[in-house]
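Printed here is start_31.cif (mmCIF, C-alpha atoms):
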data_structure
loop_
_atom_site.group_PDB
_atom_site.id
_atom_site.type_symbol
_atom_site.label_atom_id
_atom_site.label_comp_id
_atom_site.auth_asym_id
_atom_site.auth_seq_id
_atom_site.Cartn_x
_atom_site.Cartn_y
_atom_site.Cartn_z
ATOM 1 C CA MET P 117 203.342 200.357 168.831
ATOM 2 C CA SER P 118 202.456 203.429 170.879
ATOM 3 C CA SER P 119 204.469 206.253 172.380
ATOM 4 C CA TYR P 120 205.333 206.423 176.022
ATOM 5 C CA LYS P 121 204.058 209.303 178.134
ATOM 6 C CA ARG P 122 207.097 210.829 179.828
ATOM 7 C CA GLY P 123 206.577 211.950 183.400
ATOM 8 C CA LEU P 124 208.644 213.879 185.925
ATOM 9 C CA VAL P 125 208.065 213.081 189.614
ATOM 10 C CA LEU P 126 209.413 215.441 192.289
ATOM 11 C CA GLU P 127 209.818 214.632 195.973
ATOM 12 C CA GLY P 128 209.605 217.395 198.580
ATOM 13 C CA GLY P 129 211.939 217.968 201.508
ATOM 14 C CA ALA P 130 211.984 221.730 202.189
ATOM 15 C CA MET P 131 215.483 223.083 201.519
ATOM 16 C CA ARG P 132 216.714 219.692 200.354
ATOM 17 C CA GLY P 133 214.732 220.843 197.338
ATOM 18 C CA MET P 134 217.760 222.890 196.304
ATOM 19 C CA PHE P 135 219.065 219.576 194.971
ATOM 20 C CA THR P 136 215.955 219.318 192.782
ATOM 21 C CA CYS P 137 216.414 222.917 191.621
ATOM 22 C CA GLY P 138 219.908 222.090 190.392
ATOM 23 C CA VAL P 139 218.651 218.996 188.580
ATOM 24 C CA LEU P 140 215.799 220.857 186.876
ATOM 25 C CA ASP P 141 218.003 223.734 185.754
ATOM 26 C CA VAL P 142 220.339 221.281 184.006
ATOM 27 C CA PHE P 143 217.321 219.623 182.389
ATOM 28 C CA MET P 144 216.093 222.980 181.079
ATOM 29 C CA GLU P 145 219.538 224.006 179.861
ATOM 30 C CA ASN P 146 219.692 220.784 177.862
ATOM 31 C CA GLY P 147 216.200 220.989 176.412
ATOM 32 C CA ILE P 148 214.823 218.016 178.343
ATOM 33 C CA ARG P 149 211.033 218.135 178.363
ATOM 34 C CA PHE P 150 208.290 215.924 179.760
ATOM 35 C CA ASP P 151 204.632 215.411 178.953
ATOM 36 C CA GLY P 152 203.666 215.876 182.578
ATOM 37 C CA ALA P 153 205.045 216.398 186.064
ATOM 38 C CA ALA P 154 203.844 215.966 189.641
ATOM 39 C CA GLY P 155 205.347 217.638 192.679
ATOM 40 C CA ILE P 156 204.834 217.418 196.411
ATOM 41 C CA SER P 157 205.689 220.220 198.851
ATOM 42 C CA ALA P 158 209.041 221.717 197.748
ATOM 43 C CA GLY P 159 208.752 219.587 194.616
ATOM 44 C CA ALA P 160 205.668 221.641 193.763
ATOM 45 C CA THR P 161 206.840 225.094 194.837
ATOM 46 C CA PHE P 162 210.225 224.762 193.128
ATOM 47 C CA GLY P 163 209.109 222.458 190.318
ATOM 48 C CA CYS P 164 206.640 225.000 188.974
ATOM 49 C CA ASN P 165 209.632 226.935 187.603
ATOM 50 C CA TYR P 166 210.210 224.061 185.195
ATOM 51 C CA LYS P 167 206.849 224.649 183.540
ATOM 52 C CA SER P 168 207.493 228.415 183.470
ATOM 53 C CA HIS P 169 210.974 227.827 181.942
ATOM 54 C CA GLN P 170 212.691 230.008 184.568
ATOM 55 C CA ILE P 171 216.212 228.658 184.823
ATOM 56 C CA GLY P 172 217.948 229.719 188.035
ATOM 57 C CA ARG P 173 214.927 231.429 189.587
ATOM 58 C CA ALA P 174 214.461 229.105 192.571
ATOM 59 C CA ILE P 175 218.086 229.164 193.733
ATOM 60 C CA ARG P 176 218.243 232.921 193.108
ATOM 61 C CA TYR P 177 215.305 233.935 195.274
ATOM 62 C CA ASN P 178 216.093 231.400 197.992
ATOM 63 C CA LYS P 179 219.624 232.737 198.383
ATOM 64 C CA LYS P 180 218.481 236.343 198.244
ATOM 65 C CA TYR P 181 215.613 236.093 200.731
ATOM 66 C CA SER P 182 216.563 233.156 202.952
ATOM 67 C CA ARG P 183 217.475 235.482 205.818
ATOM 68 C CA ASP P 184 214.477 237.782 205.383
ATOM 69 C CA TRP P 185 212.182 237.215 208.362
ATOM 70 C CA ARG P 186 209.140 237.494 206.100
ATOM 71 C CA TYR P 187 210.300 234.465 204.136
ATOM 72 C CA CYS P 188 210.951 231.971 206.934
ATOM 73 C CA SER P 189 211.390 232.670 210.633
ATOM 74 C CA LEU P 190 210.083 232.174 214.141
ATOM 75 C CA ARG P 191 208.965 235.793 213.959
ATOM 76 C CA SER P 192 206.824 234.958 210.941
ATOM 77 C CA LEU P 193 205.371 231.943 212.752
ATOM 78 C CA ILE P 194 204.441 234.051 215.775
ATOM 79 C CA LYS P 195 203.041 236.956 213.757
ATOM 80 C CA THR P 196 201.221 235.022 211.027
ATOM 81 C CA GLY P 197 200.909 231.390 212.082
ATOM 82 C CA ASP P 198 203.138 230.343 209.184
ATOM 83 C CA LEU P 199 206.844 229.576 209.513
ATOM 84 C CA TYR P 200 207.123 230.314 205.796
ATOM 85 C CA GLY P 201 205.245 233.607 205.478
ATOM 86 C CA ALA P 202 202.286 233.109 203.169
ATOM 87 C CA GLU P 203 201.982 236.716 202.035
ATOM 88 C CA PHE P 204 205.691 237.096 201.289
ATOM 89 C CA CYS P 205 206.351 233.656 199.779
ATOM 90 C CA TYR P 206 203.237 233.373 197.638
ATOM 91 C CA HIS P 207 202.462 236.988 196.781
ATOM 92 C CA THR P 208 205.142 239.613 197.454
ATOM 93 C CA MET P 209 208.051 237.574 196.127
ATOM 94 C CA PRO P 210 206.480 235.938 193.007
ATOM 95 C CA GLU P 211 204.378 238.980 192.088
ATOM 96 C CA GLN P 212 206.866 241.786 192.739
ATOM 97 C CA LEU P 213 210.398 240.833 193.809
ATOM 98 C CA ASP P 214 211.189 237.887 191.502
ATOM 99 C CA PRO P 215 208.155 237.502 189.225
ATOM 100 C CA PHE P 216 206.800 234.069 188.404
ATOM 101 C CA ASP P 217 206.161 233.853 184.647
ATOM 102 C CA THR P 218 202.495 232.850 184.704
ATOM 103 C CA GLU P 219 202.099 233.464 180.962
ATOM 104 C CA THR P 220 204.782 230.931 180.022
ATOM 105 C CA PHE P 221 203.486 228.556 182.720
ATOM 106 C CA LYS P 222 199.983 228.731 181.235
ATOM 107 C CA ASN P 223 201.122 228.264 177.642
ATOM 108 C CA ASP P 224 203.563 225.409 178.234
ATOM 109 C CA PRO P 225 201.789 222.151 177.268
ATOM 110 C CA MET P 226 203.269 220.059 180.086
ATOM 111 C CA GLU P 227 200.646 218.964 182.610
ATOM 112 C CA PHE P 228 201.585 219.882 186.171
ATOM 113 C CA TYR P 229 200.005 218.247 189.210
ATOM 114 C CA ILE P 230 200.290 219.175 192.884
ATOM 115 C CA GLY P 231 199.463 216.928 195.830
ATOM 116 C CA ALA P 232 198.294 218.093 199.273
ATOM 117 C CA THR P 233 196.814 216.308 202.296
ATOM 118 C CA ASP P 234 193.127 216.731 203.139
ATOM 119 C CA VAL P 235 193.120 217.292 206.905
ATOM 120 C CA VAL P 236 189.552 215.987 207.229
ATOM 121 C CA THR P 237 190.137 212.629 205.529
ATOM 122 C CA GLY P 238 193.900 212.268 205.946
ATOM 123 C CA GLU P 239 194.170 211.423 202.252
ATOM 124 C CA VAL P 240 196.146 213.042 199.463
ATOM 125 C CA ARG P 241 194.310 215.116 196.862
ATOM 126 C CA PHE P 242 195.782 216.209 193.563
ATOM 127 C CA HIS P 243 195.209 219.361 191.592
ATOM 128 C CA LYS P 244 196.053 219.944 187.932
ATOM 129 C CA CYS P 245 197.485 223.431 187.521
ATOM 130 C CA THR P 246 196.199 225.432 184.584
ATOM 131 C CA ASP P 247 197.446 229.011 184.598
ATOM 132 C CA GLY P 248 199.696 229.640 187.600
ATOM 133 C CA GLY P 249 196.975 231.900 188.984
ATOM 134 C CA ALA P 250 195.507 232.295 192.461
ATOM 135 C CA ALA P 251 194.067 228.770 192.787
ATOM 136 C CA ASP P 252 197.262 227.104 191.558
ATOM 137 C CA ILE P 253 199.353 229.193 193.964
ATOM 138 C CA GLU P 254 197.113 228.260 196.900
ATOM 139 C CA TRP P 255 197.534 224.575 196.054
ATOM 140 C CA MET P 256 201.302 225.074 196.021
ATOM 141 C CA ARG P 257 201.073 226.722 199.429
ATOM 142 C CA ALA P 258 198.887 223.917 200.759
ATOM 143 C CA SER P 259 201.260 221.251 199.461
ATOM 144 C CA ALA P 260 204.204 222.885 201.255
ATOM 145 C CA SER P 261 202.434 223.828 204.518
ATOM 146 C CA MET P 262 204.050 221.699 207.213
ATOM 147 C CA PRO P 263 201.770 220.733 210.125
ATOM 148 C CA VAL P 264 202.111 222.586 213.459
ATOM 149 C CA VAL P 265 204.139 225.431 211.884
ATOM 150 C CA SER P 266 201.595 226.361 209.196
ATOM 151 C CA ASN P 267 198.011 227.456 208.989
ATOM 152 C CA ILE P 268 195.598 225.061 207.325
ATOM 153 C CA VAL P 269 195.029 226.209 203.737
ATOM 154 C CA SER P 270 191.459 226.352 202.435
ATOM 155 C CA VAL P 271 191.278 225.902 198.670
ATOM 156 C CA ASP P 272 188.605 224.575 196.307
ATOM 157 C CA GLY P 273 186.415 223.577 199.238
ATOM 158 C CA TYR P 274 189.119 221.500 200.948
ATOM 159 C CA ARG P 275 191.225 222.114 204.054
ATOM 160 C CA MET P 276 194.775 221.131 203.208
ATOM 161 C CA LEU P 277 198.320 220.710 204.537
ATOM 162 C CA ASP P 278 201.657 219.230 203.409
ATOM 163 C CA GLY P 279 201.232 216.592 200.716
ATOM 164 C CA GLY P 280 204.311 214.733 201.932
ATOM 165 C CA ILE P 281 202.448 213.521 205.006
ATOM 166 C CA VAL P 282 200.734 210.776 203.015
ATOM 167 C CA CYS P 283 202.434 210.815 199.596
ATOM 168 C CA SER P 284 206.064 211.896 199.553
ATOM 169 C CA VAL P 285 206.734 210.755 195.976
ATOM 170 C CA PRO P 286 203.696 210.810 193.644
ATOM 171 C CA TYR P 287 204.886 208.213 191.130
ATOM 172 C CA GLU P 288 201.782 206.061 191.595
ATOM 173 C CA TYR P 289 199.537 208.992 190.781
ATOM 174 C CA MET P 290 201.475 209.667 187.593
ATOM 175 C CA GLU P 291 201.160 206.028 186.595
ATOM 176 C CA LEU P 292 197.398 206.253 187.119
ATOM 177 C CA GLN P 293 197.357 209.242 184.762
ATOM 178 C CA GLY P 294 198.970 207.089 182.081
ATOM 179 C CA TYR P 295 202.575 208.201 182.503
ATOM 180 C CA ASP P 296 204.645 205.110 181.916
ATOM 181 C CA ARG P 297 208.147 206.509 181.355
ATOM 182 C CA ASN P 298 208.873 208.336 184.582
ATOM 183 C CA VAL P 299 211.952 210.142 185.859
ATOM 184 C CA ILE P 300 211.872 210.454 189.659
ATOM 185 C CA VAL P 301 213.918 213.104 191.459
ATOM 186 C CA LEU P 302 214.467 212.273 195.134
ATOM 187 C CA THR P 303 216.101 214.426 197.794
ATOM 188 C CA ARG P 304 217.503 211.602 199.950
ATOM 189 C CA PRO P 305 220.364 209.242 199.032
ATOM 190 C CA LEU P 306 219.993 205.587 198.105
ATOM 191 C CA GLY P 307 219.056 203.436 201.083
ATOM 192 C CA TYR P 308 217.531 206.201 203.206
ATOM 193 C CA ARG P 309 214.514 205.111 205.256
ATOM 194 C CA LYS P 310 212.426 207.152 207.692
ATOM 195 C CA GLU P 311 211.896 206.473 211.377
ATOM 196 C CA LYS P 312 208.727 207.408 213.208
ATOM 197 C CA SER P 313 208.555 211.166 213.667
ATOM 198 C CA PRO P 314 208.996 212.446 217.237
ATOM 199 C CA VAL P 315 206.476 215.230 216.557
ATOM 200 C CA VAL P 316 203.505 212.849 216.143
ATOM 201 C CA PRO P 317 202.132 213.593 219.667
ATOM 202 C CA LEU P 318 202.392 217.331 218.997
ATOM 203 C CA VAL P 319 200.600 216.980 215.657
ATOM 204 C CA LYS P 320 197.836 214.992 217.339
ATOM 205 C CA LEU P 321 197.494 217.716 219.958
ATOM 206 C CA VAL P 322 197.564 220.727 217.621
ATOM 207 C CA LEU P 323 195.324 219.070 215.034
ATOM 208 C CA ARG P 324 193.070 217.266 217.505
ATOM 209 C CA LYS P 325 190.014 218.468 215.561
ATOM 210 C CA TYR P 326 191.337 216.418 212.648
ATOM 211 C CA PRO P 327 192.115 212.937 214.037
ATOM 212 C CA ALA P 328 192.793 211.582 210.540
ATOM 213 C CA MET P 329 195.919 213.741 210.436
ATOM 214 C CA GLY P 330 197.300 212.258 213.632
ATOM 215 C CA LYS P 331 196.730 208.777 212.237
ATOM 216 C CA ALA P 332 198.416 209.709 208.962
ATOM 217 C CA MET P 333 201.448 211.157 210.746
ATOM 218 C CA ALA P 334 201.770 208.070 212.943
ATOM 219 C CA VAL P 335 202.276 205.830 209.893
ATOM 220 C CA ARG P 336 204.042 208.314 207.650
ATOM 221 C CA HIS P 337 207.403 206.590 208.000
ATOM 222 C CA ILE P 338 205.879 203.239 207.059
ATOM 223 C CA VAL P 339 204.184 204.645 203.948
ATOM 224 C CA TYR P 340 207.377 206.428 202.920
ATOM 225 C CA ASN P 341 209.543 203.344 203.334
ATOM 226 C CA VAL P 342 207.133 201.236 201.295
ATOM 227 C CA GLN P 343 207.372 203.853 198.542
ATOM 228 C CA MET P 344 211.160 203.747 198.637
ATOM 229 C CA ASP P 345 211.170 199.944 198.445
ATOM 230 C CA GLU P 346 208.875 200.069 195.435
ATOM 231 C CA ILE P 347 210.921 202.774 193.707
ATOM 232 C CA ASP P 348 214.105 200.745 194.251
ATOM 233 C CA ARG P 349 212.385 197.704 192.742
ATOM 234 C CA LYS P 350 211.154 199.636 189.722
ATOM 235 C CA GLU P 351 214.567 201.214 189.224
ATOM 236 C CA ALA P 352 216.274 197.815 189.279
ATOM 237 C CA LEU P 353 213.862 196.598 186.595
ATOM 238 C CA GLY P 354 214.439 199.679 184.436
ATOM 239 C CA GLU P 355 210.820 200.792 184.795
ATOM 240 C CA VAL P 356 211.740 204.217 186.193
ATOM 241 C CA PHE P 357 214.831 206.414 186.131
ATOM 242 C CA VAL P 358 215.849 207.830 189.504
ATOM 243 C CA ILE P 359 218.092 210.810 190.232
ATOM 244 C CA ARG P 360 218.971 211.206 193.902
ATOM 245 C CA PRO P 361 221.752 212.818 195.930
ATOM 246 C CA PRO P 362 224.917 210.683 195.927
ATOM 247 C CA GLU P 363 225.165 211.346 199.674
ATOM 248 C CA ASP P 364 223.070 212.934 202.394
ATOM 249 C CA PRO P 365 222.679 216.619 201.407
ATOM 250 C CA GLY P 366 223.238 217.516 205.056
ATOM 251 C CA ILE P 367 221.082 220.623 204.907
ATOM 252 C CA GLY P 368 218.454 221.806 207.370
ATOM 253 C CA ARG P 369 214.797 221.992 206.402
ATOM 254 C CA THR P 370 214.871 225.752 206.988
ATOM 255 C CA GLU P 371 218.500 226.430 206.021
ATOM 256 C CA LYS P 372 219.256 230.155 205.777
ATOM 257 C CA ASP P 373 222.928 230.126 204.775
ATOM 258 C CA PRO P 374 223.128 231.054 201.056
ATOM 259 C CA ASP P 375 226.384 229.117 200.741
ATOM 260 C CA GLU P 376 224.698 225.952 201.977
ATOM 261 C CA LEU P 377 221.789 226.458 199.589
ATOM 262 C CA GLU P 378 224.270 226.900 196.738
ATOM 263 C CA ARG P 379 226.216 223.805 197.798
ATOM 264 C CA VAL P 380 223.166 221.536 197.600
ATOM 265 C CA TYR P 381 222.017 223.210 194.376
ATOM 266 C CA GLN P 382 225.409 222.452 192.812
ATOM 267 C CA MET P 383 225.136 218.865 194.056
ATOM 268 C CA GLY P 384 221.944 218.602 192.034
ATOM 269 C CA ARG P 385 223.546 220.149 188.978
ATOM 270 C CA ARG P 386 226.496 217.765 189.111
ATOM 271 C CA GLU P 387 224.343 214.686 189.542
ATOM 272 C CA ALA P 388 222.014 215.708 186.697
ATOM 273 C CA ALA P 389 224.951 216.377 184.382
ATOM 274 C CA HIS P 390 226.545 213.060 185.351
ATOM 275 C CA ARG P 391 223.331 211.120 184.639
ATOM 276 C CA LEU P 392 222.139 213.138 181.649
ATOM 277 C CA TYR P 393 223.255 210.781 178.865
ATOM 278 C CA GLU P 394 221.894 207.763 180.708
ATOM 279 C CA MET P 395 218.580 209.504 181.278
ATOM 280 C CA LYS P 396 218.309 210.555 177.629
ATOM 281 C CA ARG P 397 218.695 206.918 176.629
ATOM 282 C CA PHE P 398 215.913 206.004 179.045
ATOM 283 C CA LEU P 399 213.619 208.696 177.612
ATOM 284 C CA LEU P 400 214.487 207.955 173.998
ATOM 285 C CA ALA P 401 213.210 204.399 174.355
ATOM 286 C CA ASN P 402 209.940 205.996 173.342
ATOM 287 C CA GLU P 403 208.111 203.185 171.671
ATOM 288 C CA LYS P 404 206.313 200.329 173.379
ATOM 289 C CA ARG P 405 206.216 197.053 171.536
#
Take the structure I supplied and represent it as structure tokens, if you would.
Amino acid sequence: MSSYKRGLVLEGGAMRGMFTCGVLDVFMENGIRFDGAAGISAGATFGCNYKSHQIGRAIRYNKKYSRDWRYCSLRSLIKTGDLYGAEFCYHTMPEQLDPFDTETFKNDPMEFYIGATDVVTGEVRFHKCTDGGAADIEWMRASASMPVVSNIVSVDGYRMLDGGIVCSVPYEYMELQGYDRNVIVLTRPLGYRKEKSPVVPLVKLVLRKYPAMGKAMAVRHIVYNVQMDEIDRKEALGEVFVIRPPEDPGIGRTEKDPDELERVYQMGRREAAHRLYEMKRFLLANEKR
């Protein structure tokens, strides 16, 4: 007999991530903890608050600053090359306006992994966060930097963009790390499948120096749909526990209306509360025979 390793897997999805924020806040309020977690894009930038134990922080700062041009705007894109302003989002806000608790993040024993796409190889790379410091923050930025509307992020010798391009839901990575009792939080409803993105030609043009990225974008929908098929199969067999929106969140990737952000956040809270007992039973089956 040996104990399971409990993992938390967080999909991205920009402001659909408000659903994830609601789920994670309910988890924290109920003392639900995991041995490790992996996040992609918004799953990384919002999920880090789980390791720092900051209930309500993500929904708070998103509602407060969603209409600030420094946070996300065409003006920011034109002035800085980033739709989501790098200086504001990853320095001004977490260091001064709504501080990120790096001390608690560092001392919490839960492992936290972030995935981003290497623009040279077109493959996902993962980083294990240690202290919530400069390197960890740059990996978070890289993971959430959407192609075309973001600058390429250079970190640890790699040139990186959005992890969701090649790995939207990092459950396979967690399994490779030995996590065999995984809770997966998705931001799309059951049955959702992607179609080929209409921006593929634009990505190929803008990132023509990195042909691997164009190739990755061209098959992104196929890779994503294979992942969803596999997650559905694992869920049916009881191998993973999945929390997903009961319906399409119906929120824009760059939603600025605080009421809309709150609506999707509350959707996450309700779904987490509704599934909490069932999930506890899944996690409490903590011995392998």
message: Quick one: residues within 9 Å of Ala401 (chain P), all atoms listed in the file, excluding same-chain residues fewer than 5 positions away - as a list in words?
response: Tyr120, Arg297 and Lys396 of chain P
- request: Considering all atoms listed in the file, return as a ChimeraX atom specification whatever protein or nucleic-acid residues lie within 10 Å of Asn178 (chain P), sequence-local ones (same chain, fewer than 5 positions apart) excluded.
  value: /P:131,134,173,183-184,187,371-374,377-378
Dump of C-alpha atoms for the selected residues, as a PDB file, keeping the file's coordinate frame:
ATOM      1  CA  MET P 131     215.483 223.083 201.519  1.00  0.00           C
ATOM      2  CA  MET P 134     217.760 222.890 196.304  1.00  0.00           C
ATOM      3  CA  ARG P 173     214.927 231.429 189.587  1.00  0.00           C
ATOM      4  CA  ARG P 183     217.475 235.482 205.818  1.00  0.00           C
ATOM      5  CA  ASP P 184     214.477 237.782 205.383  1.00  0.00           C
ATOM      6  CA  TYR P 187     210.300 234.465 204.136  1.00  0.00           C
ATOM      7  CA  GLU P 371     218.500 226.430 206.021  1.00  0.00           C
ATOM      8  CA  LYS P 372     219.256 230.155 205.777  1.00  0.00           C
ATOM      9  CA  ASP P 373     222.928 230.126 204.775  1.00  0.00           C
ATOM     10  CA  PRO P 374     223.128 231.054 201.056  1.00  0.00           C
ATOM     11  CA  LEU P 377     221.789 226.458 199.589  1.00  0.00           C
ATOM     12  CA  GLU P 378     224.270 226.900 196.738  1.00  0.00           C
TER      13      GLU P 378
END
message: Measuring between all atoms listed in the file, which one of P:Trp255, P:Phe216, P:Tyr308, P:Tyr326 shows the shortest distance to Glu363 (chain P)?
response: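 Going through P:Trp255, P:Phe216, P:Tyr308, P:Tyr326 one by one, the smallest distance to Glu363 (chain P) is for P:Tyr308.
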message: Show me the residues close to (198.5, 206.8, 178.1) - anything with an atom within 8 Å, counting all atoms listed in the file - and format the list as a PyMOL selection string.
response: chain P and resi 120-121+293-296
query: Residues at most 7 Å from region 158-170 of chain P, counting only C-alpha atoms, excluding those fewer than 5 positions away in the same chain, as a PyMOL selection string?
result: chain P and resi 126-130+133+137+140+217-218+220-221+224+226+230+256+260
- request: Give me the result of the PyMOL selection byres ((chain P and resi 241) around 10) on this file, residue by residue, as a PyMOL selection string.
  value: chain P and resi 230-234+237-240+242-243+259+274+276+279+282-283
Just C-alpha atoms for this one: save the residues we selected as a JSON list (two decimals), keeping the file's coordinate frame.
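Output saved as out-v6.json:
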[["chain", "number", "residue", "atom", "x", "y", "z"],
["P", 230, "ILE", "CA", 200.29, 219.18, 192.88],
["P", 231, "GLY", "CA", 199.46, 216.93, 195.83],
["P", 232, "ALA", "CA", 198.29, 218.09, 199.27],
["P", 233, "THR", "CA", 196.81, 216.31, 202.30],
["P", 234, "ASP", "CA", 193.13, 216.73, 203.14],
["P", 237, "THR", "CA", 190.14, 212.63, 205.53],
["P", 238, "GLY", "CA", 193.90, 212.27, 205.95],
["P", 239, "GLU", "CA", 194.17, 211.42, 202.25],
["P", 240, "VAL", "CA", 196.15, 213.04, 199.46],
["P", 242, "PHE", "CA", 195.78, 216.21, 193.56],
["P", 243, "HIS", "CA", 195.21, 219.36, 191.59],
["P", 259, "SER", "CA", 201.26, 221.25, 199.46],
["P", 274, "TYR", "CA", 189.12, 221.50, 200.95],
["P", 276, "MET", "CA", 194.78, 221.13, 203.21],
["P", 279, "GLY", "CA", 201.23, 216.59, 200.72],
["P", 282, "VAL", "CA", 200.73, 210.78, 203.02],
["P", 283, "CYS", "CA", 202.43, 210.82, 199.60]]
query: What does the PyMOL selection byres ((chain P and resi 339-351) around 10) select in this file, as a count of residues only?
result: 32
message: Nearest residue to Leu399 (chain P) out of P:Trp185, P:Phe150, P:Phe228, P:Tyr206, using all atoms listed in the file?
response: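 Between P:Trp185, P:Phe150, P:Phe228, P:Tyr206, the residue approaching Leu399 (chain P) most closely is P:Phe150.
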- request: Determine the residue set returned by the PyMOL selection byres ((chain P and resi 382) around 10) for the present structure, and present it as a PyMOL selection string.
  value: chain P and resi 134-139+175+376-381+383-388
